[in-house]
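To start, the structure under review is shown below, and the notes come after it.
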Amino acid sequence: MRPITIGLIREGKTPPDKRVPLTPKKCAEAEARFPGLKIVAQESSIRCFSDQEYRNLGIDVRPDVSDCDILMGVKEVPAQQLIPNKTYLFFSHTVKKQPANRELLRQVLAKNITLIDYELLTNEQGERIVAFGRWAGIVGAYNGLLTYGRKHGLYELKPAYECVDMEDMQEEFFKVKRLPPIKIAVTGTGRVGQGAVEVLDMMGIRRVSVYDYLYHDFTEPVYTQLRSSDYNRRRDGRVWDTPDFHRNPHEYESTFQNFLPVTNLLIACAYWHPQGPRLFSEHDTRRSHFRLDTIADVTCDVDGSIPTTKRSSSIQEPAFDYNPTSSELEPAYARPDNITIMAVDNLPCELPRNASRDFGRQLIDNVLPHLMHEGGDAVIERATIARNGQLTERYQYLQDYVA
C-alpha cells in the first residue's frame, strides 16, 4: 500500500461540532491495520476528545495539517478555510443543490480540490456504508420522552448533551417509569428508526404489533414501529410495492389518520421524499380525534413530512409549540392544547463521543480499505463530487447550481 497521511481538521462551522471522524483509539487501530498510513490531528479545543487523548496514543497533534494528503472533517468546511489542491472528506450537503452551500462547492472547484462526500459512500446495493443515523435515532427518542415528560410535568430528564456519554444517559431511563399508559409511534425501520427503538427497549417500554396498537387499550405505555406500508397506500388502490413507493412517492397517499386518534407521542424517523405524502395536514390538527400532543421530528425536514415542523430547533432550546387554532409557533409548553415539537437538526452532536466511535468503526471497516487502494476504486469514485476542481461525470447535474 502506498504511504498516505490523513489530517483530522479542526471543525470550522458555527455552531461548532464536537464530533470527529476518528477517535484516538480508532486512529491507533487504523495505523496498525494499514501499513503506510499515518494520521495527524489538527489542534482543537472543541473536539469531544482532547488533543492530549490523541497524544497519549502516539498520534501527532499540531496546529497545521496542510501537508497531509487527505483532510477529513465532519461538517462543511467554511469556504475560506479550504486549502487549494487538496483531497477532502466531509458532509458537504451540496448534492441536492442546497442554497446555503453553493459558494462552498464553487470554492471547491475554484481551488482545484477533490471532494469526497461521506453521504455518497455506498456499497453495490446503493446502501450507505458510513452514517451517524443510529445516534440521531437514539438521541431523538430520548429527547422525545424528555419533551413529553416536561410537557405533562411527569419527570425531568437530564438533557443528552449534558451527559458524558450513552452510559451516563442510561442512568436517567428509570424516571420514564412515571409514564401513564400512553401510545408511542415510531416511523421508519432504517438506521434512525432502529436507534430510536433501541432506546425505548432499554427504557422498558413494551413493543406491540400495529394491530394491537390500533385496536387495544393497555395499562402501561407501549410503542409500535411503523413501516412505510403501515401508513401509506397507493392512490389507485393497487397492491403495496415498496420499491415502487421509493421510485414514485407521488402515486401514494398517507393513511396515518388511522393512528391520529390513538397516538400520544410520535417519533418520526422515516426518510421523506418531497414528492411523498405528508403524515397529516395542519387542518387535521384542529379535528377532535387528533390526540397527538408531542412530536419528536428526528428527520427534521422543515415543512416536510410533519407540516407543523415550521423550523428546526437547537440543542440548547430543543422544543417549540405549534398552536393548532392559529397555526402559529409559540414558546415550548406555552399552553396544554398546543402540540409540542422537538426538531433538533444535529442530534448526534449531543452524544459526540459515542457517535464518533461508531462512525470511526464504519470508516475503518468500510471506507479506509478503498481509500488506501492504488488507482481508481468504485466506492470512492461514486462518492467523489469533484476531482481536481472539475465536477465528476455523475455530478455534472450540479453545473447550473454552481454557475
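Letters A, B, ... go to the chains of the C-alpha cells in the order shown; residues in each chain start at 1; ligands are counted from 1 in the same order.
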Leu121 (chain A): which residues within 7 Å, counting only C-alpha atoms, same-chain residues fewer than 6 positions away excluded, as a PyMOL selection string?
chain A and resi 128-130+379-380+382-383
Output for the residues just chosen: N, CA, C and O atoms as a JSON list (two decimals), in the first residue's frame:
```json
[["chain", "number", "residue", "atom", "x", "y", "z"],
["A", 128, "ARG", "N", -25.85, 3.11, 2.16],
["A", 128, "ARG", "CA", -24.75, 3.90, 2.74],
["A", 128, "ARG", "C", -23.88, 3.06, 3.65],
["A", 128, "ARG", "O", -24.38, 2.18, 4.37],
["A", 129, "ILE", "N", -22.57, 3.31, 3.62],
["A", 129, "ILE", "CA", -21.64, 2.49, 4.42],
["A", 129, "ILE", "C", -21.07, 3.26, 5.62],
["A", 129, "ILE", "O", -20.45, 2.66, 6.49],
["A", 130, "VAL", "N", -21.29, 4.56, 5.69],
["A", 130, "VAL", "CA", -20.96, 5.32, 6.91],
["A", 130, "VAL", "C", -22.07, 6.33, 7.18],
["A", 130, "VAL", "O", -22.55, 7.00, 6.27],
["A", 379, "VAL", "N", -16.10, 2.43, -5.05],
["A", 379, "VAL", "CA", -16.77, 3.01, -3.88],
["A", 379, "VAL", "C", -16.40, 4.50, -3.73],
["A", 379, "VAL", "O", -17.27, 5.36, -3.54],
["A", 380, "ILE", "N", -15.10, 4.78, -3.85],
["A", 380, "ILE", "CA", -14.63, 6.17, -3.74],
["A", 380, "ILE", "C", -15.12, 6.98, -4.94],
["A", 380, "ILE", "O", -15.55, 8.12, -4.81],
["A", 382, "ARG", "N", -17.84, 6.68, -6.75],
["A", 382, "ARG", "CA", -19.27, 7.05, -6.64],
["A", 382, "ARG", "C", -19.48, 8.23, -5.70],
["A", 382, "ARG", "O", -20.45, 8.95, -5.82],
["A", 383, "ALA", "N", -18.57, 8.40, -4.75],
["A", 383, "ALA", "CA", -18.75, 9.45, -3.73],
["A", 383, "ALA", "C", -17.95, 10.71, -4.02],
["A", 383, "ALA", "O", -17.97, 11.66, -3.24]]
```
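CA of Leu347 (chain A) is found 13.4 Å from CA of Pro16 (chain A).
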From a DSSP calculation on the backbone, collect every residue of region 8-114 of chain A in strand (DSSP E) and output the set as number ranges by chain.
A: 8, 37-42, 60-62, 70-72, 87-90, 114
Produce a file of the selected residues containing all heavy atoms, as a compact mmCIF listing (two decimals), in the first residue's frame.
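This went into again.txt:
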```
# COMPACT_ATOMS: atom_id res chain seq x y z
N LEU A 8 -6.78 15.11 10.43
CA LEU A 8 -8.12 15.36 11.00
C LEU A 8 -8.21 16.86 11.25
O LEU A 8 -7.51 17.40 12.11
CB LEU A 8 -8.30 14.59 12.31
CG LEU A 8 -8.14 13.07 12.25
CD1 LEU A 8 -8.36 12.46 13.63
CD2 LEU A 8 -9.10 12.45 11.25
N LEU A 37 -0.02 4.02 6.54
CA LEU A 37 -0.96 5.09 6.89
C LEU A 37 -0.48 5.84 8.13
O LEU A 37 -0.08 5.22 9.12
CB LEU A 37 -2.35 4.50 7.17
CG LEU A 37 -3.41 5.50 7.70
CD1 LEU A 37 -3.72 6.58 6.68
CD2 LEU A 37 -4.70 4.77 8.09
N LYS A 38 -0.49 7.16 8.04
CA LYS A 38 -0.16 7.99 9.21
C LYS A 38 -1.31 8.98 9.38
O LYS A 38 -1.80 9.54 8.41
CB LYS A 38 1.17 8.72 8.98
CG LYS A 38 1.57 9.64 10.14
CD LYS A 38 2.99 10.13 9.95
CE LYS A 38 3.32 11.30 10.88
NZ LYS A 38 2.98 11.12 12.28
N ILE A 39 -1.73 9.15 10.65
CA ILE A 39 -2.84 10.09 10.92
C ILE A 39 -2.33 11.21 11.83
O ILE A 39 -1.64 10.96 12.82
CB ILE A 39 -4.03 9.35 11.57
CG1 ILE A 39 -4.54 8.25 10.62
CG2 ILE A 39 -5.16 10.34 11.87
CD1 ILE A 39 -5.64 7.39 11.17
N VAL A 40 -2.68 12.42 11.47
CA VAL A 40 -2.28 13.61 12.21
C VAL A 40 -3.55 14.36 12.60
O VAL A 40 -4.48 14.47 11.79
CB VAL A 40 -1.39 14.52 11.33
CG1 VAL A 40 -0.97 15.76 12.10
CG2 VAL A 40 -0.17 13.77 10.83
N ALA A 41 -3.62 14.87 13.83
CA ALA A 41 -4.79 15.64 14.25
C ALA A 41 -4.42 17.12 14.36
O ALA A 41 -3.37 17.45 14.94
CB ALA A 41 -5.32 15.13 15.58
N GLN A 42 -5.28 17.97 13.81
CA GLN A 42 -5.06 19.41 13.99
C GLN A 42 -5.51 19.80 15.39
O GLN A 42 -6.52 19.31 15.88
CB GLN A 42 -5.86 20.18 12.94
CG GLN A 42 -5.59 21.67 12.94
CD GLN A 42 -6.32 22.39 11.80
OE1 GLN A 42 -7.26 21.85 11.22
NE2 GLN A 42 -5.86 23.59 11.48
N ASP A 60 0.23 12.23 16.34
CA ASP A 60 0.81 13.56 16.20
C ASP A 60 -0.30 14.61 16.19
O ASP A 60 -1.25 14.50 15.42
CB ASP A 60 1.61 13.58 14.88
CG ASP A 60 2.41 14.87 14.70
OD1 ASP A 60 2.48 15.66 15.66
OD2 ASP A 60 2.94 15.09 13.59
N VAL A 61 -0.20 15.61 17.06
CA VAL A 61 -1.18 16.71 17.10
C VAL A 61 -0.41 18.01 16.86
O VAL A 61 0.56 18.29 17.55
CB VAL A 61 -1.90 16.78 18.47
CG1 VAL A 61 -2.92 17.92 18.49
CG2 VAL A 61 -2.58 15.46 18.78
N ARG A 62 -0.86 18.80 15.87
CA ARG A 62 -0.15 20.04 15.56
C ARG A 62 -1.11 21.09 15.01
O ARG A 62 -2.22 20.76 14.60
CB ARG A 62 1.01 19.76 14.60
CG ARG A 62 0.65 19.00 13.35
CD ARG A 62 1.91 18.77 12.51
NE ARG A 62 1.57 18.39 11.15
CZ ARG A 62 2.02 17.31 10.55
NH1 ARG A 62 2.80 16.47 11.20
NH2 ARG A 62 1.71 17.05 9.29
N ILE A 70 -4.72 13.72 2.60
CA ILE A 70 -6.18 13.74 2.67
C ILE A 70 -6.60 14.47 3.94
O ILE A 70 -6.02 14.21 5.01
CB ILE A 70 -6.73 12.29 2.68
CG1 ILE A 70 -6.42 11.60 1.35
CG2 ILE A 70 -8.24 12.28 2.94
CD1 ILE A 70 -6.77 10.13 1.33
N LEU A 71 -7.58 15.36 3.84
CA LEU A 71 -8.07 16.09 5.01
C LEU A 71 -9.49 15.63 5.31
O LEU A 71 -10.35 15.64 4.43
CB LEU A 71 -8.02 17.60 4.75
CG LEU A 71 -6.62 18.15 4.46
CD1 LEU A 71 -6.67 19.62 4.09
CD2 LEU A 71 -5.68 17.93 5.64
N MET A 72 -9.71 15.21 6.57
CA MET A 72 -11.01 14.67 6.97
C MET A 72 -11.64 15.53 8.04
O MET A 72 -11.01 15.84 9.05
CB MET A 72 -10.81 13.27 7.59
CG MET A 72 -11.02 12.14 6.65
SD MET A 72 -10.94 10.59 7.60
CE MET A 72 -10.85 9.44 6.24
N THR A 87 -7.34 16.89 -1.22
CA THR A 87 -8.47 15.96 -1.23
C THR A 87 -9.15 16.05 0.14
O THR A 87 -8.49 15.92 1.17
CB THR A 87 -7.99 14.51 -1.47
OG1 THR A 87 -7.46 14.43 -2.79
CG2 THR A 87 -9.16 13.52 -1.35
N TYR A 88 -10.47 16.29 0.13
CA TYR A 88 -11.23 16.45 1.38
C TYR A 88 -12.31 15.37 1.49
O TYR A 88 -12.91 14.99 0.49
CB TYR A 88 -11.95 17.80 1.40
CG TYR A 88 -11.11 18.97 1.86
CD1 TYR A 88 -10.39 19.75 0.97
CD2 TYR A 88 -11.07 19.33 3.22
CE1 TYR A 88 -9.65 20.84 1.39
CE2 TYR A 88 -10.33 20.42 3.66
CZ TYR A 88 -9.61 21.17 2.73
OH TYR A 88 -8.89 22.26 3.17
N LEU A 89 -12.57 14.92 2.72
CA LEU A 89 -13.75 14.11 3.02
C LEU A 89 -14.55 14.82 4.11
O LEU A 89 -14.03 15.08 5.19
CB LEU A 89 -13.35 12.72 3.54
CG LEU A 89 -13.13 11.62 2.51
CD1 LEU A 89 -11.65 11.59 2.15
CD2 LEU A 89 -13.52 10.27 3.07
N PHE A 90 -15.82 15.14 3.83
CA PHE A 90 -16.73 15.67 4.85
C PHE A 90 -18.15 15.60 4.29
O PHE A 90 -18.36 15.22 3.14
CB PHE A 90 -16.36 17.11 5.27
CG PHE A 90 -16.27 18.14 4.17
CD1 PHE A 90 -17.40 18.81 3.71
CD2 PHE A 90 -15.03 18.48 3.61
CE1 PHE A 90 -17.31 19.78 2.71
CE2 PHE A 90 -14.94 19.43 2.60
CZ PHE A 90 -16.07 20.09 2.15
N THR A 114 -10.32 18.04 -4.67
CA THR A 114 -11.06 16.79 -4.86
C THR A 114 -11.94 16.60 -3.62
O THR A 114 -11.43 16.60 -2.49
CB THR A 114 -10.10 15.59 -5.02
OG1 THR A 114 -9.34 15.78 -6.22
CG2 THR A 114 -10.85 14.27 -5.09
```
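Picture a line from CA of His289 (chain A) to CA of Asp301 (chain A); it runs 25.0 Å.
Using only C-alpha atoms, the contacts of Arg357 (chain A) at a cut-off of 8 Å, with sequence neighbours closer than 2 positions omitted, comprise Leu22, Thr23, Lys26, Arg353, Asn354, Ala355, Phe359, Gly360 and Arg361 of chain A.
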With all heavy atoms retained, export the selected residues as an mmCIF file, in the first residue's frame.
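The resulting selection07.cif:
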```
data_model
loop_
_atom_site.group_PDB
_atom_site.id
_atom_site.type_symbol
_atom_site.label_atom_id
_atom_site.label_comp_id
_atom_site.auth_asym_id
_atom_site.auth_seq_id
_atom_site.Cartn_x
_atom_site.Cartn_y
_atom_site.Cartn_z
ATOM 1 N N LEU A 22 -12.448 10.155 13.386
ATOM 2 C CA LEU A 22 -11.696 9.057 14.019
ATOM 3 C C LEU A 22 -11.298 9.440 15.440
ATOM 4 O O LEU A 22 -10.668 10.483 15.655
ATOM 5 C CB LEU A 22 -10.437 8.729 13.199
ATOM 6 C CG LEU A 22 -10.663 8.095 11.816
ATOM 7 C CD1 LEU A 22 -9.395 8.169 10.976
ATOM 8 C CD2 LEU A 22 -11.134 6.647 11.946
ATOM 9 N N THR A 23 -11.662 8.628 16.405
ATOM 10 C CA THR A 23 -11.286 8.858 17.806
ATOM 11 C C THR A 23 -9.813 8.480 17.989
ATOM 12 O O THR A 23 -9.230 7.836 17.118
ATOM 13 C CB THR A 23 -12.139 7.975 18.731
ATOM 14 O OG1 THR A 23 -11.778 6.602 18.487
ATOM 15 C CG2 THR A 23 -13.631 8.160 18.475
ATOM 16 N N LYS A 26 -9.295 4.783 17.501
ATOM 17 C CA LYS A 26 -9.510 4.368 16.114
ATOM 18 C C LYS A 26 -8.331 4.803 15.225
ATOM 19 O O LYS A 26 -7.988 4.119 14.265
ATOM 20 C CB LYS A 26 -10.820 4.954 15.571
ATOM 21 C CG LYS A 26 -12.079 4.451 16.287
ATOM 22 C CD LYS A 26 -12.407 3.007 15.971
ATOM 23 C CE LYS A 26 -13.734 2.565 16.557
ATOM 24 N NZ LYS A 26 -13.733 2.386 18.000
ATOM 25 N N ARG A 353 -19.117 11.606 21.729
ATOM 26 C CA ARG A 353 -18.097 10.564 21.897
ATOM 27 C C ARG A 353 -18.598 9.219 21.348
ATOM 28 O O ARG A 353 -17.896 8.538 20.596
ATOM 29 C CB ARG A 353 -17.669 10.445 23.366
ATOM 30 C CG ARG A 353 -16.831 11.648 23.828
ATOM 31 C CD ARG A 353 -16.482 11.581 25.301
ATOM 32 N NE ARG A 353 -15.472 10.615 25.625
ATOM 33 C CZ ARG A 353 -14.159 10.879 25.763
ATOM 34 N NH1 ARG A 353 -13.712 12.109 25.536
ATOM 35 N NH2 ARG A 353 -13.312 9.936 26.086
ATOM 36 N N ASN A 354 -19.828 8.864 21.699
ATOM 37 C CA ASN A 354 -20.391 7.609 21.183
ATOM 38 C C ASN A 354 -20.552 7.652 19.664
ATOM 39 O O ASN A 354 -20.200 6.699 18.962
ATOM 40 C CB ASN A 354 -21.777 7.346 21.785
ATOM 41 C CG ASN A 354 -21.700 7.048 23.268
ATOM 42 O OD1 ASN A 354 -21.739 7.957 24.074
ATOM 43 N ND2 ASN A 354 -21.601 5.784 23.634
ATOM 44 N N ALA A 355 -21.109 8.757 19.171
ATOM 45 C CA ALA A 355 -21.357 8.876 17.733
ATOM 46 C C ALA A 355 -20.049 8.790 16.947
ATOM 47 O O ALA A 355 -19.982 8.157 15.894
ATOM 48 C CB ALA A 355 -22.085 10.189 17.434
ATOM 49 N N PHE A 359 -18.882 5.983 14.138
ATOM 50 C CA PHE A 359 -18.530 6.449 12.796
ATOM 51 C C PHE A 359 -17.127 5.971 12.411
ATOM 52 O O PHE A 359 -16.897 5.509 11.288
ATOM 53 C CB PHE A 359 -18.619 7.978 12.758
ATOM 54 C CG PHE A 359 -18.577 8.562 11.370
ATOM 55 C CD1 PHE A 359 -19.693 8.513 10.554
ATOM 56 C CD2 PHE A 359 -17.435 9.174 10.885
ATOM 57 C CE1 PHE A 359 -19.674 9.058 9.272
ATOM 58 C CE2 PHE A 359 -17.402 9.722 9.608
ATOM 59 C CZ PHE A 359 -18.527 9.662 8.805
ATOM 60 N N GLY A 360 -16.208 6.082 13.365
ATOM 61 C CA GLY A 360 -14.829 5.641 13.128
ATOM 62 C C GLY A 360 -14.737 4.155 12.816
ATOM 63 O O GLY A 360 -13.969 3.718 11.961
ATOM 64 N N ARG A 361 -15.575 3.373 13.523
ATOM 65 C CA ARG A 361 -15.621 1.920 13.261
ATOM 66 C C ARG A 361 -16.009 1.669 11.795
ATOM 67 O O ARG A 361 -15.398 0.867 11.091
ATOM 68 C CB ARG A 361 -16.657 1.293 14.208
ATOM 69 C CG ARG A 361 -17.046 -0.155 14.011
ATOM 70 C CD ARG A 361 -16.070 -1.129 14.680
ATOM 71 N NE ARG A 361 -14.932 -1.404 13.845
ATOM 72 C CZ ARG A 361 -13.655 -1.323 14.234
ATOM 73 N NH1 ARG A 361 -13.327 -0.958 15.463
ATOM 74 N NH2 ARG A 361 -12.679 -1.577 13.415
#
```
All residues 8 Å or closer to Asn338 (chain A), only C-alpha atoms, same chain fewer than 6 positions away omitted, as a list in words:
Asp293, Asp321, Tyr322, Asn323 and Pro324 of chain A
Selected residues written out, C-alpha atoms, as a PDB file, in the first residue's frame:
```
ATOM      1  CA  ASP A 293     -49.602  16.337  21.564  1.00  0.00           C
ATOM      2  CA  ASP A 321     -45.114  24.701  20.395  1.00  0.00           C
ATOM      3  CA  TYR A 322     -47.491  24.682  17.435  1.00  0.00           C
ATOM      4  CA  ASN A 323     -50.860  26.257  18.154  1.00  0.00           C
ATOM      5  CA  PRO A 324     -53.496  24.336  16.117  1.00  0.00           C
TER       6      PRO A 324
END
```
For Lys86 (chain A), please output as a ChimeraX atom specification all residues within 12 Å (counting only C-alpha atoms; exclusion window: fewer than 4 positions along the same chain).
/A:5-7,65-72,81-82,108-116,386-389
Nearby residues (only C-alpha atoms) at most 6 Å from region 234-238 of chain A, same-chain spacing under 3 positions excluded, as a count of residues only
3
